[in-house]
Structure formats: structure tokens, C-alpha cells
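K.L.:
My file is entry-v7.tsv. It has TSV, C-alpha atoms and all ligand atoms:
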chain	number	residue	atom	x	y	z
M	1	MET	CA	-9.41	13.47	7.03
M	2	ARG	CA	-6.25	13.52	4.96
M	3	ARG	CA	-6.68	12.45	1.34
M	4	PRO	CA	-4.35	9.58	0.38
M	5	LEU	CA	-1.76	10.31	-2.30
M	6	VAL	CA	0.30	7.85	-4.31
M	7	ALA	CA	3.09	9.17	-6.52
M	8	GLY	CA	5.14	7.19	-9.01
M	9	ASN	CA	8.73	8.37	-9.22
M	10	TRP	CA	9.98	7.07	-12.56
M	11	LYS	CA	13.51	8.33	-11.86
M	12	MET	CA	15.84	8.38	-14.90
M	13	HIS	CA	13.91	5.63	-16.67
M	14	GLY	CA	12.00	5.49	-19.90
M	15	THR	CA	12.24	5.93	-23.64
M	16	ARG	CA	9.49	7.57	-25.67
M	17	ALA	CA	8.22	4.11	-26.57
M	18	SER	CA	8.31	2.65	-23.05
M	19	VAL	CA	6.71	5.76	-21.56
M	20	ALA	CA	3.87	5.62	-24.08
M	21	GLU	CA	3.36	1.95	-23.22
M	22	LEU	CA	3.34	2.69	-19.49
M	23	ILE	CA	0.79	5.49	-19.83
M	24	ALA	CA	-1.41	3.31	-22.01
M	25	GLY	CA	-1.24	0.62	-19.31
M	26	LEU	CA	-2.03	3.09	-16.56
M	27	ARG	CA	-5.03	4.39	-18.45
M	28	THR	CA	-6.57	0.91	-18.36
M	29	GLN	CA	-6.32	0.80	-14.55
M	30	THR	CA	-9.28	1.43	-12.31
M	31	LEU	CA	-8.05	4.15	-10.00
M	32	PRO	CA	-9.82	5.04	-6.76
M	33	GLU	CA	-11.57	8.39	-6.83
M	34	ASP	CA	-10.56	9.25	-3.28
M	35	VAL	CA	-6.81	8.91	-3.92
M	36	THR	CA	-4.65	11.55	-5.59
M	37	VAL	CA	-2.48	9.74	-8.12
M	38	VAL	CA	0.64	11.42	-9.47
M	39	VAL	CA	3.14	10.28	-12.09
M	40	MET	CA	6.60	11.82	-12.10
M	41	PRO	CA	8.47	11.19	-15.35
M	42	ALA	CA	11.95	12.46	-16.21
M	43	PHE	CA	11.96	16.06	-17.51
M	44	VAL	CA	12.36	14.96	-21.13
M	45	HIS	CA	9.11	13.01	-21.01
M	46	LEU	CA	6.95	15.55	-19.17
M	47	MET	CA	5.43	17.12	-22.25
M	48	SER	CA	4.49	13.87	-23.96
M	49	VAL	CA	3.11	12.44	-20.72
M	50	ALA	CA	1.03	15.59	-20.20
M	51	ASP	CA	-0.43	15.08	-23.68
M	52	GLN	CA	-1.00	11.37	-23.19
M	53	LEU	CA	-2.69	11.81	-19.81
M	54	GLY	CA	-5.35	13.90	-21.49
M	55	ALA	CA	-8.47	13.97	-19.37
M	56	SER	CA	-7.19	11.22	-17.02
M	57	SER	CA	-7.54	11.84	-13.29
M	58	MET	CA	-3.80	11.27	-12.87
M	59	ASN	CA	-1.70	14.29	-11.98
M	60	LEU	CA	1.68	15.20	-13.37
M	61	GLY	CA	4.73	15.83	-11.22
M	62	ALA	CA	8.44	16.41	-11.77
M	63	GLN	CA	11.41	14.97	-9.91
M	64	ASP	CA	13.30	18.20	-9.29
M	65	CYS	CA	13.26	21.92	-10.03
M	66	ALA	CA	15.69	24.81	-10.07
M	67	THR	CA	16.25	27.05	-7.07
M	68	GLU	CA	14.79	29.88	-9.15
M	69	PRO	CA	11.02	29.98	-9.72
M	70	MET	CA	11.19	31.87	-13.02
M	71	PRO	CA	13.20	31.30	-16.21
M	72	CYS	CA	16.63	32.96	-16.12
M	73	ALA	CA	20.23	32.30	-17.18
M	74	LEU	CA	20.87	28.99	-15.38
M	75	THR	CA	22.18	26.44	-17.83
M	76	GLY	CA	20.77	22.96	-17.62
M	77	GLU	CA	18.17	23.72	-14.98
M	78	VAL	CA	14.37	23.75	-15.20
M	79	ALA	CA	12.42	26.56	-13.50
M	80	ALA	CA	9.43	25.72	-11.35
M	81	SER	CA	7.25	27.94	-13.56
M	82	GLN	CA	8.32	25.93	-16.62
M	83	LEU	CA	6.96	22.86	-14.85
M	84	THR	CA	3.58	24.46	-14.13
M	85	ASP	CA	3.51	25.60	-17.76
M	86	LEU	CA	3.68	21.92	-18.77
M	87	GLY	CA	0.85	21.02	-16.42
M	88	CYS	CA	2.84	19.80	-13.41
M	89	ARG	CA	1.19	20.13	-10.02
M	90	TYR	CA	3.81	18.42	-7.85
M	91	VAL	CA	7.60	18.32	-7.66
M	92	LEU	CA	9.96	16.20	-5.58
M	93	VAL	CA	12.58	18.06	-3.59
M	94	GLY	CA	15.34	16.54	-1.52
M	95	HIS	CA	15.17	13.00	-2.85
M	96	SER	CA	17.92	10.98	-1.19
M	97	GLU	CA	19.51	10.12	-4.54
M	98	ARG	CA	20.02	13.85	-5.09
M	99	ARG	CA	21.14	14.44	-1.51
M	100	LEU	CA	23.64	11.57	-1.43
M	101	LEU	CA	24.77	11.02	-5.02
M	102	LEU	CA	24.68	14.64	-6.19
M	103	GLY	CA	25.53	16.37	-2.92
M	104	GLU	CA	22.37	18.44	-2.48
M	105	GLY	CA	22.25	19.95	1.00
M	106	ASP	CA	19.39	21.25	3.10
M	107	ALA	CA	19.93	24.91	2.15
M	108	LEU	CA	19.63	24.17	-1.58
M	109	ILE	CA	16.62	21.93	-1.01
M	110	VAL	CA	14.83	24.65	0.96
M	111	ARG	CA	15.39	27.08	-1.93
M	112	LYS	CA	13.90	24.59	-4.38
M	113	PHE	CA	10.93	24.03	-2.07
M	114	SER	CA	10.37	27.78	-1.90
M	115	ALA	CA	10.70	28.19	-5.69
M	116	ALA	CA	8.09	25.48	-6.22
M	117	GLN	CA	5.59	27.10	-3.88
M	118	ALA	CA	6.22	30.51	-5.38
M	119	VAL	CA	4.54	29.36	-8.61
M	120	GLY	CA	1.86	27.18	-7.03
M	121	LEU	CA	3.57	23.80	-7.39
M	122	THR	CA	3.19	21.47	-4.43
M	123	PRO	CA	6.63	20.35	-3.25
M	124	VAL	CA	7.02	16.80	-1.97
M	125	LEU	CA	9.90	17.05	0.50
M	126	CYS	CA	11.76	13.75	0.98
M	127	VAL	CA	13.52	12.94	4.24
M	128	GLY	CA	15.18	9.76	5.45
M	129	GLU	CA	18.10	8.14	7.20
M	130	THR	CA	20.84	5.87	5.88
M	131	ARG	CA	21.40	2.37	7.17
M	132	GLU	CA	24.41	3.54	9.20
M	133	GLN	CA	22.39	6.32	10.78
M	134	ARG	CA	19.58	3.91	11.70
M	135	GLU	CA	22.03	1.43	13.19
M	136	ALA	CA	23.57	4.24	15.23
M	137	GLY	CA	20.13	5.13	16.62
M	138	GLN	CA	20.10	8.41	14.71
M	139	THR	CA	16.94	7.94	12.66
M	140	LEU	CA	14.77	10.56	14.33
M	141	PRO	CA	17.50	13.19	14.84
M	142	VAL	CA	18.46	12.92	11.15
M	143	VAL	CA	14.92	13.01	9.79
M	144	LEU	CA	13.78	15.81	12.09
M	145	ALA	CA	16.88	17.89	11.29
M	146	GLN	CA	16.06	17.61	7.57
M	147	LEU	CA	12.55	18.81	8.37
M	148	ASP	CA	13.73	21.59	10.68
M	149	ALA	CA	16.01	22.95	7.96
M	150	LEU	CA	12.78	23.79	6.14
M	151	ILE	CA	10.62	24.89	9.06
M	152	ASP	CA	13.30	27.06	10.65
M	153	THR	CA	13.85	28.88	7.35
M	154	LEU	CA	10.36	29.20	5.87
M	155	GLY	CA	8.07	28.65	8.87
M	156	VAL	CA	5.77	25.74	9.67
M	157	ALA	CA	2.81	27.15	7.70
M	158	VAL	CA	4.49	26.26	4.38
M	159	LEU	CA	3.54	22.66	5.15
M	160	ASN	CA	-0.09	23.60	4.46
M	161	ARG	CA	0.85	23.59	0.77
M	162	ALA	CA	3.29	20.69	0.72
M	163	VAL	CA	3.59	16.94	1.07
M	164	LEU	CA	6.24	15.06	3.06
M	165	ALA	CA	7.76	11.72	2.15
M	166	TYR	CA	9.62	9.57	4.63
M	167	GLU	CA	12.01	7.40	2.64
M	168	PRO	CA	14.56	5.40	4.61
M	169	VAL	CA	17.58	5.31	2.30
M	170	TRP	CA	18.27	1.65	3.14
M	171	ALA	CA	14.82	0.73	1.80
M	172	ILE	CA	15.05	2.53	-1.55
M	173	GLY	CA	15.48	0.20	-4.49
M	174	THR	CA	16.76	-2.55	-2.21
M	175	GLY	CA	13.62	-4.62	-1.75
M	176	LEU	CA	13.97	-4.00	2.00
M	177	THR	CA	10.71	-2.29	2.93
M	178	ALA	CA	10.49	-0.79	6.39
M	179	THR	CA	7.91	-2.71	8.40
M	180	PRO	CA	4.60	-0.90	8.82
M	181	GLU	CA	5.51	-0.41	12.49
M	182	GLN	CA	8.98	0.99	11.72
M	183	ALA	CA	7.49	3.41	9.22
M	184	GLN	CA	4.58	4.40	11.45
M	185	GLU	CA	6.99	5.19	14.30
M	186	VAL	CA	8.84	7.72	12.16
M	187	HIS	CA	5.68	9.14	10.57
M	188	ALA	CA	4.15	9.68	14.02
M	189	ALA	CA	7.35	11.34	15.26
M	190	ILE	CA	7.36	13.67	12.25
M	191	ARG	CA	3.73	14.60	12.86
M	192	GLN	CA	4.32	15.14	16.60
M	193	HIS	CA	7.33	17.29	15.84
M	194	ILE	CA	5.26	19.49	13.53
M	195	ALA	CA	2.44	19.58	16.09
M	196	MET	CA	4.77	21.19	18.61
M	197	ARG	CA	4.83	24.19	16.23
M	198	ASP	CA	1.28	24.00	14.91
M	199	ALA	CA	-1.24	21.26	15.65
M	200	ALA	CA	-3.52	22.10	12.71
M	201	VAL	CA	-0.67	21.97	10.20
M	202	ALA	CA	0.45	18.63	11.66
M	203	ALA	CA	-3.03	17.15	11.42
M	204	GLY	CA	-3.42	18.19	7.79
M	205	VAL	CA	-0.07	17.41	6.20
M	206	GLN	CA	0.12	14.24	4.08
M	207	ILE	CA	3.13	12.09	4.94
M	208	LEU	CA	3.95	9.44	2.34
M	209	TYR	CA	6.12	6.38	2.85
M	210	GLY	CA	8.68	5.45	0.22
M	211	GLY	CA	11.15	2.61	-0.11
M	212	SER	CA	10.43	-0.61	-2.05
M	213	VAL	CA	6.65	-0.21	-1.79
M	214	LYS	CA	4.91	-3.00	-3.72
M	215	ALA	CA	1.30	-4.00	-4.19
M	216	SER	CA	1.89	-6.83	-1.73
M	217	THR	CA	3.10	-4.49	1.05
M	218	ALA	CA	1.13	-1.32	0.29
M	219	GLY	CA	-2.08	-2.28	2.07
M	220	GLU	CA	-0.46	-2.83	5.46
M	221	LEU	CA	1.71	0.28	5.16
M	222	PHE	CA	-1.17	2.51	4.12
M	223	GLY	CA	-3.29	1.09	6.93
M	224	MET	CA	-1.07	2.75	9.54
M	225	PRO	CA	-2.62	5.86	11.07
M	226	ASP	CA	0.09	8.34	10.04
M	227	ILE	CA	0.92	6.93	6.60
M	228	ASP	CA	-1.10	8.81	3.99
M	229	GLY	CA	0.08	7.07	0.85
M	230	GLY	CA	3.28	6.22	-0.94
M	231	LEU	CA	6.13	7.47	-3.06
M	232	VAL	CA	6.82	4.53	-5.34
M	233	GLY	CA	9.93	4.02	-7.46
M	234	GLY	CA	10.54	0.66	-9.14
M	235	ALA	CA	6.99	-0.63	-8.80
M	236	SER	CA	5.59	2.50	-10.49
M	237	LEU	CA	7.14	1.40	-13.79
M	238	ASN	CA	4.67	-1.48	-13.98
M	239	ALA	CA	1.13	-0.28	-14.68
M	240	ASP	CA	-0.64	-3.22	-13.05
M	241	GLU	CA	1.52	-3.04	-9.94
M	242	PHE	CA	1.16	0.74	-9.62
M	243	GLY	CA	-2.59	0.52	-10.18
M	244	ALA	CA	-2.86	-2.05	-7.40
M	245	ILE	CA	-0.83	0.17	-5.05
M	246	CYS	CA	-3.16	3.10	-5.78
M	247	ARG	CA	-6.19	0.94	-5.12
M	248	ALA	CA	-4.67	-0.22	-1.82
M	249	ALA	CA	-4.47	3.40	-0.66
M	250	GLY	CA	-8.14	3.91	-1.42
M	251	ARG	CA	-9.45	0.72	0.05
M	252	VAL	CA	-7.62	0.98	3.32
M	253	LYS	CA	-8.33	4.62	4.03
M	254	ASN	CA	-12.00	4.14	3.08
M	255	ALA	CA	-12.56	1.06	5.15
M	301	LIG	P1	11.75	2.37	-4.72
M	301	LIG	O1	12.06	3.94	-4.82
M	301	LIG	O2	10.26	2.23	-4.60
M	301	LIG	O3	12.27	1.80	-6.00
M	301	LIG	O4	12.45	1.85	-3.52
M	301	LIG	C1	11.36	4.88	-4.03
M	301	LIG	C2	11.91	6.26	-4.26
M	301	LIG	O5	13.14	6.41	-4.39
M	301	LIG	O6	11.15	7.24	-4.30
Mind turning this structure into C-alpha cells?
Ligand code: PGA
P.N.:
Amino acid sequence: MRRPLVAGNWKMHGTRASVAELIAGLRTQTLPEDVTVVVMPAFVHLMSVADQLGASSMNLGAQDCATEPMPCALTGEVAASQLTDLGCRYVLVGHSERRLLLGEGDALIVRKFSAAQAVGLTPVLCVGETREQREAGQTLPVVLAQLDALIDTLGVAVLNRAVLAYEPVWAIGTGLTATPEQAQEVHAAIRQHIAMRDAAVAAGVQILYGGSVKASTAGELFGMPDIDGGLVGGASLNADEFGAICRAAGRVKNA
């Protein structure tokens, strides 16, 4: 059985004061033992969050890493090994905001994925279609091509040490959540596509849904057979809301 995972992507939010407040709020939450919970602050807050998490069961993740696993002359970037040094266990790669607003392409994303794994970080690869692509009936071709860019380069077995996140771009930060059925359809297609290469890898890989997940919608989404948790943006900045989303992942998958 796949273990549910809920990750909070704080994006470029937070001051030292607001981050401390958020962590304090999260530490009062009852979190389910059978769900992996990850918080992903901006780089500048990673160290203080690592300290403030202390012995909490929450894991630390970053939102991006360099294409190089080890420190080198690459101004402004952060090496994957610098993230593990701070206590990170997860890192997002290929978030749609980086793909679309910063022009990151599949080749660069695959290098970041590889750099993360090279130092034992678990990459969370994000895939998803835009509204125009969905309306043109291109959802699956787009999503599967983003996945194939990885599998064709590094092989399907790398997914044994990775997490996938399906995030329809039209649902991110818009309040427009995909319906559980819309999301499940894509999650199942992703899993089937991987199964054509390796059934065991497909059965084991966690596929998260992301895009305006809230406590009020999480239960139904996480109840779908191929949705193994969530990648949560806006709602992860509210401790009570994020706690409730984490609990929804535990309750449903344990039922
Ligand atoms: P959202 O963001 O929950 O605010 O839609 C999700 C994400 O971008 O990971």
C-alpha cells in the first residue's frame, strides 16, 4: 500500500516572523502517523524552519535545486547537497510556475531531478496541462510527454525514489480544483503509462494532486484510488487548514 504524502509548498511567501508563527501553529496540529507530512519553505527560511521543526514528525523540503548536485561556481543557485546538509529530504522539480514563468524546460528539469537523487533527496516531479491544452484535448499527451522526458533519459526505475505531482495549471492558485474524477482520470493514466514500462514501479510510486486543494475538498480527492496525497500551496500557509488536509489523507486511506 502506498503511504499518503501531503506537502505544503509555501512558494515565495513568509517573513521570519510569519514563518515562526506558522511553524508554531503547525506544531499544535494533530498529524496522522500514517501520512508523510512535508513543509517546503523558501530557501531563505530553510535553516530556521529546520531548527524550529526540532523533533517534529514533519519533514523538510525545498522548492527547487541546482542542476549540479555538489557545490561549485554557479552564482545564485543552491546545490542539492546543500539542501540535504540543512536537513531537507524532498525537493520540488518542474513546478509549473518555474516551467511557465521562468522558462524551465524538460531537459533542465531532468538534470535537477538527477542532481537531487544523486545526493539522496527525493525529487517531487510536477507535471500538468494549461487551460488551453485541456480545452484542446491535449491533457494526457502533455502530461505524459513531461513524464517521458524523465523516463526516456533516466529510465523508469528512478521513480522508485521519487514522487510525482499532477498539478493542472488552471487549478493552481485559482480556486478551481479539478474534480476528484478529473484528477483520478489523469492519475490513473499516469500510473498506466508507467506500468507499460514497469508494473512494480507504477504500483509503488506516490502520485500527489495539486491545485487549490483545501480541507473541504481534500477528503474526496484523497479518496480516489490513484491519488496518494496532495501538494498544497495557498492552504498550506494556514496551520489549521493544512493540518486538516493532512488528517484527511490519513483518515481516507486508513478507512
Ligand atoms: P495552490 O498551489 O494550492 O495554491 O493552488 C499548489 C501548487 O502550486 O503547488
K.L.:
Compile a residue-level contact table for chain M against ligand LIG 301 (chain M) at a cut-off of 8 Å, reporting for every qualifying residue the shortest atom pair and its distance in Å to one decimal, with only C-alpha atoms and all ligand atoms counted, rows ordered by chain and ascending number, as CSV.
P.N.:
residue,atom,partner,partner_atom,distance
M:Gly8,CA,M:LIG301,O6,7.6
M:Asn9,CA,M:LIG301,O6,5.6
M:Lys11,CA,M:LIG301,O5,7.7
M:His95,CA,M:LIG301,O5,7.1
M:Ser96,CA,M:LIG301,O5,7.3
M:Glu97,CA,M:LIG301,O5,7.4
M:Glu167,CA,M:LIG301,C2,7.0
M:Ala171,CA,M:LIG301,O4,5.9
M:Ile172,CA,M:LIG301,O4,3.3
M:Gly173,CA,M:LIG301,O4,3.6
M:Thr174,CA,M:LIG301,O4,6.3
M:Gly175,CA,M:LIG301,O4,6.8
M:Thr177,CA,M:LIG301,O4,7.9
M:Gly210,CA,M:LIG301,C1,5.1
M:Gly211,CA,M:LIG301,O4,3.7
M:Ser212,CA,M:LIG301,O4,3.5
M:Val213,CA,M:LIG301,O2,5.2
M:Lys214,CA,M:LIG301,O2,7.5
M:Leu231,CA,M:LIG301,O6,5.2
M:Val232,CA,M:LIG301,O2,4.2
M:Gly233,CA,M:LIG301,O2,3.4
M:Gly234,CA,M:LIG301,O3,3.8
M:Ala235,CA,M:LIG301,O2,6.0
M:Ser236,CA,M:LIG301,O2,7.5
K.L.:
Write out as a PyMOL selection string the residues lying within 8 Å of M:Glu68, counting all atoms listed in the file and excluding same-chain residues fewer than 3 positions away.
P.N.:
chain M and resi 71-72+79-80+111-112+115
K.L.:
Hey, can you pull every residue with an atom no more than 10 Å from (14.3, 13.6, 13.4), using all atoms listed in the file, and send it as a PyMOL selection string?
P.N.:
chain M and resi 127-129+138-148+186+189-190+193
K.L.:
Between M:Asp64, M:Glu132, M:Asp228, M:Glu241, which has the minimum distance to M:Pro41 (counting all atoms listed in the file)?
P.N.:
M:Asp64
K.L.:
Could you pull out every residue with an atom within 12 Å of (12.5, 28.5, -16.6), file coordinates, counting all atoms listed in the file, and send them as a ChimeraX atom specification?
P.N.:
/M:65-86,115-116,119
K.L.:
Go ahead and compute the interatomic distance for atom CA of M:Phe222 and atom CA of M:Arg89, in Å to one decimal.
P.N.:
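The value is 22.7 Å.
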K.L.:
Have a look at M:Val35, M:Ala55, M:Ala17, M:Met40 and name the one nearest to M:Arg3; count all atoms listed in the file.
P.N.:
M:Val35
K.L.:
May I ask which of the residues M:Trp170, M:Gly105, M:Ile151, M:Ala165 is the closest one to M:Gln133, counting only C-alpha atoms?
P.N.:
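The closest residue to M:Gln133 is M:Trp170.
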K.L.:
Quick check, in Å to one decimal: how far apart do atom CA of M:Ala20 and atom CA of M:Leu92 lie?
P.N.:
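Interatomic distance, atom CA of M:Ala20 to atom CA of M:Leu92: 22.2 Å.
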K.L.:
Return the single residue from M:Val163, M:Ala178, M:Ala24, M:Leu237 that is closest to M:Leu221, with distances computed using only C-alpha atoms.
P.N.:
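Using only C-alpha atoms, M:Leu221 sits closest to M:Ala178.
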K.L.:
Just to confirm, what's the straight-line distance from atom CA of M:Ala218 to atom CA of M:Ala244 in Å (one decimal)?
P.N.:
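Those two atoms sit 8.7 Å apart.
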K.L.:
Identify which of the residues M:Gly250, M:Gly243, M:Pro32, M:Gly61 lies closest to M:Gly229, counting all atoms listed in the file when measuring atom-to-atom distances.
P.N.:
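Nearest candidate to M:Gly229 out of M:Gly250, M:Gly243, M:Pro32, M:Gly61: M:Gly250.
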K.L.:
Determine, counting only C-alpha atoms, which protein, DNA and RNA residues have an atom within 9 Å of an atom of M:Asn160; residues of the same chain fewer than 5 positions away are not included. Present the result as an MDAnalysis selection string.
P.N.:
chainID M and resid 201:202 204:205
K.L.:
Using only C-alpha atoms for the distances, tell me which of M:Leu5, M:Gly25, M:Ala248, M:Ile109 is nearest to M:Tyr209.
P.N.:
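Of the candidates, the smallest distance to M:Tyr209 is held by M:Leu5.
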K.L.:
With 9 Å as the cut-off and all atoms listed in the file counted, what is the closest atom pair between each nearby residue of stretch 110-189 of chain M and stretch 223-227 of chain M? Distances in Å to one decimal, ordered by chain and number, as CSV.
P.N.:
residue,atom,partner,partner_atom,distance
M:Pro180,CA,M:Met224,CA,6.8
M:Glu181,CA,M:Met224,CA,7.9
M:Ala183,CA,M:Ile227,CA,7.9
M:Gln184,CA,M:Asp226,CA,6.1
M:Glu185,CA,M:Asp226,CA,8.7
M:His187,CA,M:Asp226,CA,5.7
M:Ala188,CA,M:Asp226,CA,5.8
K.L.:
Export stretch 21-83 of chain M of the preceding structure, keeping C-alpha atoms, as a short mmCIF file (atom, residue, chain, number, x, y, z; two decimals), in the first residue's frame.
P.N.:
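Saved file selection_17.cif follows:
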data_model
loop_
_atom_site.label_atom_id
_atom_site.label_comp_id
_atom_site.auth_asym_id
_atom_site.auth_seq_id
_atom_site.Cartn_x
_atom_site.Cartn_y
_atom_site.Cartn_z
CA GLU M 21 4.13 31.74 13.65
CA LEU M 22 3.20 29.17 11.01
CA ILE M 23 5.55 26.54 12.42
CA ALA M 24 4.25 27.18 15.93
CA GLY M 25 0.71 26.69 14.61
CA LEU M 26 1.66 23.51 12.79
CA ARG M 27 3.27 22.09 15.89
CA THR M 28 -0.08 22.30 17.70
CA GLN M 29 -1.78 20.20 15.00
CA THR M 30 -2.53 16.54 15.47
CA LEU M 31 -0.92 14.93 12.45
CA PRO M 32 -1.72 11.39 11.35
CA GLU M 33 1.10 8.92 11.91
CA ASP M 34 0.48 7.13 8.63
CA VAL M 35 0.90 10.24 6.46
CA THR M 36 4.24 11.74 5.46
CA VAL M 37 3.96 15.48 6.00
CA VAL M 38 6.42 17.82 4.32
CA VAL M 39 6.82 21.60 4.53
CA MET M 40 8.62 23.40 1.74
CA PRO M 41 9.68 26.93 2.72
CA ALA M 42 11.61 29.37 0.54
CA PHE M 43 15.39 28.79 0.60
CA VAL M 44 15.99 31.70 2.97
CA HIS M 45 13.80 30.13 5.64
CA LEU M 46 15.03 26.53 5.39
CA MET M 47 17.56 26.75 8.17
CA SER M 48 15.27 28.39 10.70
CA VAL M 49 12.44 26.01 9.84
CA ALA M 50 14.79 23.04 10.28
CA ASP M 51 15.63 24.36 13.75
CA GLN M 52 12.03 25.09 14.64
CA LEU M 53 10.77 21.69 13.49
CA GLY M 54 13.04 20.07 16.04
CA ALA M 55 11.82 16.58 16.84
CA SER M 56 8.52 17.09 14.97
CA SER M 57 7.43 14.33 12.59
CA MET M 58 7.20 16.89 9.78
CA ASN M 59 9.79 16.63 7.02
CA LEU M 60 11.61 19.47 5.34
CA GLY M 61 11.62 20.03 1.60
CA ALA M 62 12.83 22.71 -0.81
CA GLN M 63 11.10 24.18 -3.84
CA ASP M 64 13.96 23.87 -6.31
CA CYS M 65 17.61 22.87 -6.61
CA ALA M 66 20.51 23.46 -8.95
CA THR M 67 21.31 21.16 -11.85
CA GLU M 68 24.55 20.32 -10.04
CA PRO M 69 24.43 18.03 -7.01
CA MET M 70 27.55 19.43 -5.34
CA PRO M 71 28.64 22.99 -4.52
CA CYS M 72 30.51 24.68 -7.38
CA ALA M 73 30.80 28.06 -9.09
CA LEU M 74 27.15 28.68 -10.01
CA THR M 75 26.07 32.07 -8.76
CA GLY M 76 22.69 32.30 -7.11
CA GLU M 77 21.93 28.59 -7.20
CA VAL M 78 21.59 26.08 -4.36
CA ALA M 79 23.15 22.63 -4.72
CA ALA M 80 21.11 19.56 -3.84
CA SER M 81 23.78 18.55 -1.31
CA GLN M 82 23.41 21.93 0.42
CA LEU M 83 19.74 21.09 0.88
#
